[in-house]
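S.K.: My structure file upload-v7.cif, mmCIF, C-alpha atoms (C1' of nucleotides), is below:
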data_input
#
loop_
_atom_site.label_atom_id
_atom_site.label_comp_id
_atom_site.auth_asym_id
_atom_site.auth_seq_id
_atom_site.Cartn_x
_atom_site.Cartn_y
_atom_site.Cartn_z
CA MET H 1 6.45 -1.96 -7.12
CA LYS H 2 8.04 1.39 -6.65
CA LEU H 3 11.77 1.29 -6.21
CA LEU H 4 11.80 4.74 -4.65
CA THR H 5 9.12 6.18 -2.43
CA ARG H 6 8.48 9.87 -2.34
CA ASP H 7 10.70 10.58 0.63
CA THR H 8 13.63 8.74 -0.90
CA ASP H 9 13.11 10.61 -4.13
CA TYR H 10 13.05 13.94 -2.29
CA ALA H 11 16.04 12.95 -0.21
CA ILE H 12 18.09 12.22 -3.31
CA ARG H 13 17.21 15.60 -4.74
CA ALA H 14 18.07 17.39 -1.55
CA VAL H 15 21.36 15.62 -1.00
CA THR H 16 22.55 16.08 -4.56
CA CYS H 17 21.58 19.71 -4.40
CA ILE H 18 23.47 20.23 -1.16
CA ALA H 19 26.41 18.20 -2.42
CA ALA H 20 26.68 20.49 -5.42
CA ASN H 21 27.78 23.20 -2.98
CA HIS H 22 29.64 21.02 -0.57
CA GLY H 23 30.52 22.60 2.76
CA GLU H 24 27.89 25.30 2.64
CA ILE H 25 24.93 25.51 4.94
CA HIS H 26 21.53 25.15 3.32
CA ASN H 27 18.29 25.80 5.11
CA VAL H 28 14.97 24.20 4.39
CA GLY H 29 13.40 27.38 3.09
CA GLU H 30 16.04 27.70 0.42
CA LEU H 31 15.79 24.06 -0.63
CA THR H 32 12.01 24.16 -0.67
CA GLY H 33 12.15 26.85 -3.31
CA LYS H 34 14.78 25.10 -5.38
CA LEU H 35 13.34 21.63 -5.26
CA ASP H 36 9.61 22.17 -5.19
CA ILE H 37 9.05 19.97 -2.17
CA PRO H 38 6.46 20.81 0.52
CA ARG H 39 8.35 22.56 3.27
CA PRO H 40 7.24 20.65 6.38
CA PHE H 41 7.73 17.35 4.60
CA LEU H 42 11.22 18.31 3.55
CA ARG H 43 12.01 19.31 7.12
CA LYS H 44 11.07 15.86 8.31
CA ILE H 45 13.19 14.27 5.62
CA MET H 46 16.18 16.43 6.48
CA GLN H 47 15.88 15.53 10.12
CA ILE H 48 15.84 11.85 9.29
CA MET H 49 18.98 12.23 7.24
CA GLN H 50 20.57 14.06 10.11
CA HIS H 51 19.74 11.17 12.43
CA ASN H 52 21.33 8.84 9.94
CA GLY H 53 24.65 10.56 9.61
CA ILE H 54 24.12 12.00 6.15
CA LEU H 55 23.59 15.58 7.25
CA GLU H 56 24.63 17.70 10.17
CA SER H 57 22.33 20.37 11.51
CA ILE H 58 23.14 23.84 12.71
CA ARG H 59 20.49 25.35 14.94
CA GLY H 60 19.67 28.96 15.52
CA LYS H 61 18.83 31.89 13.34
CA THR H 62 21.38 31.32 10.60
CA GLY H 63 21.17 27.58 10.91
CA GLY H 64 20.47 24.88 8.40
CA PHE H 65 21.95 21.63 7.20
CA ARG H 66 25.36 20.69 5.91
CA LEU H 67 26.54 17.53 4.27
CA VAL H 68 28.58 15.49 6.69
CA ALA H 69 29.03 12.27 4.75
CA ASP H 70 31.22 11.97 1.67
CA PRO H 71 28.89 12.38 -1.32
CA SER H 72 30.90 9.85 -3.28
CA LYS H 73 30.05 7.33 -0.59
CA ILE H 74 26.34 8.01 -0.32
CA SER H 75 24.50 5.76 -2.72
CA VAL H 76 20.89 5.59 -3.75
CA LEU H 77 20.80 2.26 -1.95
CA ASN H 78 21.84 3.97 1.30
CA LEU H 79 18.99 6.46 1.03
CA ILE H 80 16.50 3.77 0.12
CA GLU H 81 17.45 1.80 3.21
CA ILE H 82 17.16 4.87 5.41
CA PHE H 83 13.67 5.74 4.22
CA GLN H 84 12.26 2.40 3.21
CA GLY H 85 14.01 -0.03 5.49
CA PRO H 86 16.23 -2.98 4.56
CA PHE H 87 16.21 -3.64 0.85
CA GLN H 88 14.38 -6.83 0.10
CA MET H 89 12.18 -7.48 -2.88
CA ASP H 90 11.01 -11.02 -2.20
CA GLN H 91 9.45 -10.84 1.21
CA HIS H 92 7.08 -13.53 2.41
CA ILE H 93 7.26 -15.58 -0.76
CA PHE H 94 6.08 -19.12 -0.34
CA LYS H 95 6.33 -19.15 3.40
CA LYS H 96 3.43 -21.50 3.78
CA LYS H 97 3.01 -24.95 2.35
CA VAL H 98 2.76 -25.31 -1.41
CA CYS H 99 1.59 -27.92 -3.83
CA PRO H 100 4.22 -30.69 -3.47
CA ARG H 101 5.22 -30.83 -7.09
CA VAL H 102 6.23 -27.21 -7.27
CA LYS H 103 9.88 -26.26 -6.99
CA ILE H 104 9.57 -23.28 -4.73
CA CYS H 105 13.32 -23.13 -4.30
CA VAL H 106 13.78 -22.30 -7.96
CA LEU H 107 11.63 -19.19 -7.77
CA LYS H 108 13.13 -18.10 -4.48
CA LYS H 109 16.64 -18.49 -5.85
CA LYS H 110 15.91 -16.59 -9.02
CA LEU H 111 14.27 -13.76 -7.16
CA ASP H 112 17.15 -13.62 -4.71
CA LYS H 113 19.54 -13.37 -7.60
CA ILE H 114 17.58 -10.53 -9.15
CA GLU H 115 17.45 -8.76 -5.83
CA ALA H 116 21.20 -9.04 -5.36
CA SER H 117 21.91 -7.61 -8.76
CA VAL H 118 19.53 -4.70 -8.31
CA LYS H 119 21.03 -3.99 -4.93
CA LYS H 120 24.50 -3.97 -6.40
CA GLU H 121 23.48 -1.61 -9.16
CA LEU H 122 21.77 0.78 -6.78
CA ASN H 123 24.87 0.85 -4.68
CA THR H 124 26.93 2.11 -7.56
CA ILE H 125 24.73 5.17 -8.06
CA THR H 126 26.40 7.68 -5.78
CA MET H 127 25.43 11.26 -5.12
CA THR H 128 28.58 12.49 -6.83
CA SER H 129 27.65 10.59 -9.94
CA LEU H 130 24.45 12.64 -10.09
CA ILE H 131 26.07 16.05 -9.94
CA GLU H 132 27.14 18.00 -12.99
CA ASN H 133 30.90 18.18 -13.32
CA LYS H 134 31.11 21.22 -15.51
CA LYS H 135 31.14 24.44 -13.53
CA LYS H 136 28.00 26.39 -14.32
CA MET A 1 9.44 -2.57 -2.43
CA LYS A 2 7.81 -5.92 -2.86
CA LEU A 3 8.32 -7.51 -6.24
CA LEU A 4 5.32 -9.79 -5.76
CA THR A 5 2.18 -8.88 -3.92
CA ARG A 6 0.13 -11.52 -2.18
CA ASP A 7 -2.24 -12.12 -5.06
CA THR A 8 0.58 -12.58 -7.54
CA ASP A 9 2.28 -14.96 -5.14
CA TYR A 10 -0.92 -16.98 -4.73
CA ALA A 11 -1.54 -16.91 -8.46
CA ILE A 12 1.88 -18.38 -9.16
CA ARG A 13 1.23 -21.17 -6.69
CA ALA A 14 -2.16 -21.91 -8.15
CA VAL A 15 -1.04 -21.90 -11.75
CA THR A 16 2.00 -24.08 -11.14
CA CYS A 17 -0.14 -26.48 -9.19
CA ILE A 18 -2.71 -26.67 -11.95
CA ALA A 19 -0.04 -26.91 -14.60
CA ALA A 20 1.42 -29.93 -12.85
CA ASN A 21 -1.73 -31.79 -13.89
CA HIS A 22 -2.28 -30.07 -17.17
CA GLY A 23 -5.66 -30.62 -18.78
CA GLU A 24 -7.48 -31.57 -15.60
CA ILE A 25 -10.16 -29.49 -13.96
CA HIS A 26 -9.35 -28.14 -10.52
CA ASN A 27 -11.88 -26.46 -8.31
CA VAL A 28 -11.19 -23.83 -5.72
CA GLY A 29 -12.03 -26.10 -2.80
CA GLU A 30 -9.35 -28.56 -3.82
CA LEU A 31 -6.71 -25.87 -4.38
CA THR A 32 -7.56 -24.14 -1.13
CA GLY A 33 -6.64 -27.29 0.71
CA LYS A 34 -3.44 -27.90 -1.22
CA LEU A 35 -2.15 -24.36 -1.20
CA ASP A 36 -3.29 -22.96 2.10
CA ILE A 37 -4.88 -19.86 0.62
CA PRO A 38 -8.13 -18.34 1.98
CA ARG A 39 -10.90 -19.70 -0.19
CA PRO A 40 -12.79 -16.53 -1.16
CA PHE A 41 -9.54 -14.74 -1.93
CA LEU A 42 -8.39 -17.57 -4.14
CA ARG A 43 -11.73 -17.52 -5.95
CA LYS A 44 -11.23 -13.88 -6.78
CA ILE A 45 -7.72 -14.56 -8.00
CA MET A 46 -8.85 -17.44 -10.18
CA GLN A 47 -11.54 -15.30 -11.73
CA ILE A 48 -9.03 -12.61 -12.57
CA MET A 49 -6.81 -15.16 -14.27
CA GLN A 50 -9.79 -16.39 -16.20
CA HIS A 51 -10.51 -12.87 -17.39
CA ASN A 52 -6.91 -12.63 -18.51
CA GLY A 53 -6.76 -15.74 -20.62
CA ILE A 54 -4.67 -17.83 -18.26
CA LEU A 55 -7.47 -20.08 -17.07
CA GLU A 56 -10.75 -21.26 -18.47
CA SER A 57 -13.70 -21.82 -16.18
CA ILE A 58 -16.24 -24.59 -16.22
CA ARG A 59 -19.44 -23.72 -14.38
CA GLY A 60 -21.92 -26.00 -12.74
CA LYS A 61 -21.68 -28.73 -10.15
CA THR A 62 -18.55 -30.47 -11.39
CA GLY A 63 -17.01 -27.26 -12.58
CA GLY A 64 -13.73 -25.62 -11.83
CA PHE A 65 -10.78 -24.16 -13.66
CA ARG A 66 -8.50 -25.49 -16.33
CA LEU A 67 -5.28 -24.10 -17.71
CA VAL A 68 -5.87 -22.62 -21.12
CA ALA A 69 -2.56 -20.91 -21.74
CA ASP A 70 0.66 -22.80 -22.43
CA PRO A 71 2.47 -23.04 -19.08
CA SER A 72 5.80 -22.66 -20.82
CA LYS A 73 4.59 -19.29 -22.06
CA ILE A 74 3.22 -17.96 -18.78
CA SER A 75 5.94 -16.08 -16.98
CA VAL A 76 6.12 -14.55 -13.55
CA LEU A 77 6.20 -11.20 -15.32
CA ASN A 78 2.86 -11.97 -16.98
CA LEU A 79 1.24 -12.68 -13.64
CA ILE A 80 2.79 -9.62 -12.03
CA GLU A 81 1.36 -7.44 -14.76
CA ILE A 82 -2.07 -9.00 -14.40
CA PHE A 83 -2.24 -8.43 -10.66
CA GLN A 84 -0.06 -5.41 -10.17
CA GLY A 85 -0.42 -3.53 -13.41
CA PRO A 86 2.28 -2.56 -15.91
CA PHE A 87 5.72 -3.29 -14.57
CA GLN A 88 7.50 -0.06 -13.76
CA MET A 89 9.84 0.51 -10.88
CA ASP A 90 10.66 4.18 -11.38
CA GLN A 91 7.33 5.89 -11.39
CA HIS A 92 7.07 9.61 -10.76
CA ILE A 93 10.79 10.14 -10.36
CA PHE A 94 11.85 13.69 -10.78
CA LYS A 95 8.73 14.81 -12.52
CA LYS A 96 8.93 18.25 -11.03
CA LYS A 97 11.75 20.74 -11.28
CA VAL A 98 15.05 19.91 -9.66
CA CYS A 99 18.13 21.77 -8.58
CA PRO A 100 19.70 22.83 -11.90
CA ARG A 101 23.08 21.27 -11.32
CA VAL A 102 21.70 17.80 -10.82
CA LYS A 103 21.81 15.36 -13.68
CA ILE A 104 18.39 13.88 -13.34
CA CYS A 105 18.79 12.06 -16.59
CA VAL A 106 21.59 9.94 -15.17
CA LEU A 107 19.45 8.57 -12.38
CA LYS A 108 16.48 8.04 -14.64
CA LYS A 109 18.60 6.18 -17.15
CA LYS A 110 20.22 3.96 -14.58
CA LEU A 111 16.90 3.09 -13.02
CA ASP A 112 15.42 2.38 -16.42
CA LYS A 113 18.30 0.07 -17.15
CA ILE A 114 17.79 -1.79 -13.89
CA GLU A 115 14.09 -2.03 -14.58
CA ALA A 116 14.67 -3.46 -18.02
CA SER A 117 17.02 -6.13 -16.75
CA VAL A 118 14.70 -7.16 -13.94
CA LYS A 119 11.82 -7.32 -16.36
CA LYS A 120 13.82 -9.50 -18.68
CA GLU A 121 14.79 -11.86 -15.89
CA LEU A 122 11.23 -12.15 -14.64
CA ASN A 123 10.10 -12.99 -18.11
CA THR A 124 12.38 -16.01 -18.25
CA ILE A 125 10.79 -17.56 -15.17
CA THR A 126 8.01 -19.60 -16.70
CA MET A 127 5.48 -21.77 -14.96
CA THR A 128 6.99 -24.88 -16.51
CA SER A 129 10.35 -23.98 -15.06
CA LEU A 130 8.78 -24.13 -11.61
CA ILE A 131 7.32 -27.60 -11.92
CA GLU A 132 9.16 -30.75 -10.92
CA ASN A 133 10.15 -32.83 -13.90
CA LYS A 134 10.49 -36.15 -12.19
CA LYS A 135 7.23 -38.07 -12.01
CA LYS A 136 6.14 -38.35 -8.36
"C1'" DG N 1 -37.93 -30.63 -11.46
"C1'" DA N 2 -35.37 -29.80 -7.30
"C1'" DC N 3 -31.19 -29.70 -4.92
"C1'" DA N 4 -26.37 -29.24 -4.47
"C1'" DA N 5 -22.15 -27.46 -5.70
"C1'" DA N 6 -19.54 -25.07 -8.61
"C1'" DT N 7 -18.37 -20.20 -10.69
"C1'" DG N 8 -19.80 -14.88 -11.88
"C1'" DA N 9 -20.16 -10.45 -10.35
"C1'" DT N 10 -19.80 -7.07 -6.93
"C1'" DA N 11 -19.78 -4.67 -2.82
"C1'" DC N 12 -17.81 -4.10 1.35
"C1'" DC N 13 -14.21 -3.65 4.99
"C1'" DA N 14 -10.11 -3.42 8.35
"C1'" DA N 15 -5.33 -2.49 8.83
"C1'" DG N 16 -1.20 -0.55 7.33
"C1'" DA N 17 1.56 2.42 4.29
"C1'" DT N 18 2.09 6.77 2.05
"C1'" DG N 19 2.43 11.53 1.85
"C1'" DG N 20 1.90 14.78 4.04
"C1'" DT N 21 0.43 18.95 8.01
"C1'" DA N 22 0.51 21.24 12.56
"C1'" DT N 23 2.31 22.50 16.89
"C1'" DC N 24 5.21 23.62 20.40
"C1'" DA N 25 9.89 23.61 22.32
"C1'" DT N 26 14.66 24.87 21.82
"C1'" DT N 27 18.68 27.20 20.07
"C1'" DA N 28 21.34 30.98 18.37
"C1'" DT N 29 22.06 35.28 15.88
"C1'" DA N 30 21.27 40.19 15.27
"C1'" DT I 1 14.58 40.50 23.07
"C1'" DA I 2 12.68 39.43 18.63
"C1'" DT I 3 13.40 36.51 14.90
"C1'" DA I 4 14.39 32.62 12.35
"C1'" DA I 5 16.24 28.46 12.13
"C1'" DT I 6 15.90 23.22 13.71
"C1'" DG I 7 14.05 19.26 17.29
"C1'" DA I 8 10.51 16.41 18.51
"C1'" DT I 9 6.04 14.67 17.99
"C1'" DA I 10 1.42 14.06 17.10
"C1'" DC I 11 -1.94 14.02 13.92
"C1'" DC I 12 -4.49 13.08 9.57
"C1'" DA I 13 -6.53 11.97 4.89
"C1'" DT I 14 -6.09 8.95 1.11
"C1'" DC I 15 -4.65 4.78 -1.15
"C1'" DT I 16 -3.27 0.05 -1.27
"C1'" DT I 17 -3.38 -4.50 0.42
"C1'" DG I 18 -5.48 -8.51 1.74
"C1'" DG I 19 -9.03 -10.06 2.35
"C1'" DT I 20 -14.76 -11.28 3.40
"C1'" DA I 21 -19.70 -11.51 2.20
"C1'" DT I 22 -23.58 -11.90 -0.68
"C1'" DC I 23 -26.47 -12.99 -4.21
"C1'" DA I 24 -27.10 -14.58 -8.95
"C1'" DT I 25 -26.29 -18.07 -12.41
"C1'" DT I 26 -25.02 -22.45 -14.30
"C1'" DT I 27 -25.03 -27.45 -14.46
"C1'" DG I 28 -24.69 -32.37 -12.97
"C1'" DT I 29 -27.29 -35.76 -10.18
"C1'" DC I 30 -31.24 -37.83 -7.84
#
Please lay out the structure from this file as C-alpha cells.
M.R.:
Amino acid sequence: MKLLTRDTDYAIRAVTCIAANHGEIHNVGELTGKLDIPRPFLRKIMQIMQHNGILESIRGKTGGFRLVADPSKISVLNLIEIFQGPFQMDQHIFKKKVCPRVKICVLKKKLDKIEASVKKELNTITMTSLIENKKK
Amino acid sequence: MKLLTRDTDYAIRAVTCIAANHGEIHNVGELTGKLDIPRPFLRKIMQIMQHNGILESIRGKTGGFRLVADPSKISVLNLIEIFQGPFQMDQHIFKKKVCPRVKICVLKKKLDKIEASVKKELNTITMTSLIENKKK
DNA sequence: GACAAATGATACCAAGATGGTATCATTATA
DNA sequence: TATAATGATACCATCTTGGTATCATTTGTC
C-alpha cells in the first residue's frame, strides 16, 4: 500500500527543488539532471502540475516552469491528490452483505479514523518544510 | 492507496465469521453463501490462511476449516501482512539523488512516523473486537 | 469398494494501474 | 529562420489485482 506513487514522489522532488530558488524559471532539462528523473516523464509531471495551479509555464526558447503557488501552502497531501486522486484508504470495504454477527461498522469507523489522521499529518508536510533553511 | 486489498477484506470477513462460532468446522460452500464471495477465490484465500497458521483444514467429505489461532490475537495488521506482504507505506522514496538543498530526511522521517502509527492502530483491531458480543 | 464432497496444489487469464516513451504542434528568443 | 523550450496526445510494456479452471488427494457414507 504505497502512500506515494512514483509521479507524486517525483513531483515532490521537483517542487521542492524549484521552491528552493523561488521566482526563478527552471526548465525540464535542468531538473532532469538535478533530480535523476527520466526527462519525458518529468515533462508530463510538470505539465500536470501546471494544469493544477502549482506551476506556471513559460513557452519559447528560454521557457520553463516557475512556482506559482505559495510553497508553504503546498502540502504532500495536495500533490498526492493531484497525482493519485482523492485520498481514501478504505475504499470498497464491506460493501456487500456480511455474516450477520460481524460488526462491520466497527472496522469501518476505525479505518476512517486512521485515514483522517494520516490525511491530517500529510497536510502538515509542506514544501517549505522540506527545504533547507541555511543558505548553502 | 488502498489499505486493504480485496483478499484481505474477504479474509477478515471469513475469519470473523468463523470466529463467531469458534471451534466449529466451516466449509467454503457455507461461507460463500454467507459472505457473498466468489467460491474459488475464497478457497484460495482460505488455503493461504491455513498456510499461515490462522486456520486448520480438515480434508475429506465432511471437511472444512477451523480457526486455530486465538481470534483475540489475530489483528487486521496480521491479515494485511499475510495477503499484502510486509506493511510499508513509504517504499522507494527518494532512493536516488535529489536536489541538494532538499531535506529528504524530513519527509522520510515524517512518513515513517505516520507508518508506525497506522501500523500500531491496525494491530489493535483484533478479530474478537469485530464480533458482536450479544448472543443472537 | 465406489462414490461424493471436501481440500491441496497450481496454472492460467483479463482488466486496470503504473511507469514510462514517442511524436508532432506551437511558441518565443536569438 | 533556426533552435529550444512547452502543449497535447497517443502509445506501450510490465506488474498487480481479482479472479477462474483443473486435476489430484483425502475421507465419510452407502
S.K.: For chain A, report every residue with an atom at most 12 Å from chain I (counting all atoms listed in the file), formatted as a PDB file with C-alpha atoms, keeping the file's coordinate frame.
M.R.:
ATOM      1  CA  LYS A   2       7.810  -5.920  -2.860  1.00  0.00           C
ATOM      2  CA  LEU A   4       5.320  -9.790  -5.760  1.00  0.00           C
ATOM      3  CA  THR A   5       2.180  -8.880  -3.920  1.00  0.00           C
ATOM      4  CA  ARG A   6       0.130 -11.520  -2.180  1.00  0.00           C
ATOM      5  CA  ASP A   7      -2.240 -12.120  -5.060  1.00  0.00           C
ATOM      6  CA  THR A   8       0.580 -12.580  -7.540  1.00  0.00           C
ATOM      7  CA  TYR A  10      -0.920 -16.980  -4.730  1.00  0.00           C
ATOM      8  CA  ILE A  37      -4.880 -19.860   0.620  1.00  0.00           C
ATOM      9  CA  PRO A  38      -8.130 -18.340   1.980  1.00  0.00           C
ATOM     10  CA  ARG A  39     -10.900 -19.700  -0.190  1.00  0.00           C
ATOM     11  CA  PRO A  40     -12.790 -16.530  -1.160  1.00  0.00           C
ATOM     12  CA  PHE A  41      -9.540 -14.740  -1.930  1.00  0.00           C
ATOM     13  CA  LEU A  42      -8.390 -17.570  -4.140  1.00  0.00           C
ATOM     14  CA  ARG A  43     -11.730 -17.520  -5.950  1.00  0.00           C
ATOM     15  CA  LYS A  44     -11.230 -13.880  -6.780  1.00  0.00           C
ATOM     16  CA  ILE A  45      -7.720 -14.560  -8.000  1.00  0.00           C
ATOM     17  CA  SER A  57     -13.700 -21.820 -16.180  1.00  0.00           C
ATOM     18  CA  ILE A  58     -16.240 -24.590 -16.220  1.00  0.00           C
ATOM     19  CA  ARG A  59     -19.440 -23.720 -14.380  1.00  0.00           C
ATOM     20  CA  GLY A  60     -21.920 -26.000 -12.740  1.00  0.00           C
ATOM     21  CA  LYS A  61     -21.680 -28.730 -10.150  1.00  0.00           C
ATOM     22  CA  THR A  62     -18.550 -30.470 -11.390  1.00  0.00           C
ATOM     23  CA  GLY A  63     -17.010 -27.260 -12.580  1.00  0.00           C
ATOM     24  CA  GLY A  64     -13.730 -25.620 -11.830  1.00  0.00           C
ATOM     25  CA  PHE A  83      -2.240  -8.430 -10.660  1.00  0.00           C
ATOM     26  CA  GLN A  84      -0.060  -5.410 -10.170  1.00  0.00           C
TER      27      GLN A  84
END
S.K.: Show which residues sit within 12 Å of range 104-115 of chain A, as a PyMOL selection string. Count only C-alpha atoms (C1' of nucleotides), and ignore same-chain residues fewer than 2 positions away.
M.R.: (chain H and resi 1-4+9+12-13+16-17+75-77+114-132) or (chain A and resi 3+86-102+117-122)
S.K.: So the first atom is CA of Leu55 in chain H and the second is CA of Ala69 in chain H; what is the distance between them in Å, to one decimal place?
M.R.: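 Rounded to one decimal, the two atoms are 6.8 Å apart.
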S.K.: Within 12 Å of chain A, which residues of chain N show up? Give each one with its shortest atom-to-atom distance in Å (one decimal) and the two atoms involved, counting only C-alpha atoms (C1' of nucleotides), rows by chain then rising residue number, as CSV.
M.R.:
residue,atom,partner,partner_atom,distance
N:DC3,C1',A:Lys61,CA,10.9
N:DA4,C1',A:Lys61,CA,7.4
N:DA5,C1',A:Lys61,CA,4.7
N:DA6,C1',A:Lys61,CA,4.5
N:DT7,C1',A:Arg59,CA,5.2
N:DG8,C1',A:Gln47,CA,8.3
N:DA9,C1',A:Gln47,CA,10.0
N:DT10,C1',A:Lys44,CA,10.9
N:DA17,C1',A:Met1,CA,11.5
S.K.: Using all atoms listed in the file, find the one residue out of H:Asn78, H:Ser72, H:Asn21, H:Asn52 that sits nearest to chain A.
M.R.: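 Comparing H:Asn78, H:Ser72, H:Asn21, H:Asn52 against chain A, the winner is H:Asn21.
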S.K.: Hey, which of H:Leu35, H:Ile25, H:Val68, H:Ile74 ends up closest to chain A? Count all atoms listed in the file.
M.R.: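 Of H:Leu35, H:Ile25, H:Val68, H:Ile74, the one nearest chain A, counting all atoms listed in the file, is H:Leu35.
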S.K.: So how many Å separate C1' of DC12 in chain N and CA of Val15 in chain A, to one decimal?
M.R.: 27.7 Å
S.K.: Measure the distance from CA of Met49 in chain H to C1' of DG20 in chain N in Å and round it to one decimal.
M.R.: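 Those two atoms sit 17.6 Å apart.
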S.K.: Rank nothing, just name the residue among A:Glu30, A:Asp36, A:Glu24, A:Asp70 nearest to chain H, using only C-alpha atoms.
M.R.: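 When distances to chain H are compared using only C-alpha atoms, the smallest one comes from A:Asp36.
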S.K.: Starting from 4 Å padding per side, set up an axis-aligned box that covers all listed atoms of range 12-30 of chain I and hand over centre and edge lengths in Å, one decimal, as AutoDock Vina command-line options.
M.R.:
--center_x -17.3 --center_y -12.4 --center_z -2.4 --size_x 36.0 --size_y 58.9 --size_z 32.0
S.K.: So which one's closest to chain H, A:His26, A:Arg66, A:Gly85, A:Gln50? Using all atoms listed in the file, please.
M.R.: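 Residue with the minimum atom-to-atom distance to chain H: A:Gly85.
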S.K.: A:Ile54, A:Leu79, A:Ala20, A:Ala11: which is nearest chain H, counting all atoms listed in the file?
M.R.: A:Ala20
S.K.: Of the candidates H:Leu67, H:Gly23, H:Ala14, H:His51, which shows the shortest atom-to-atom distance to chain A, using all atoms listed in the file?
M.R.: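 Closest candidate: H:Ala14.
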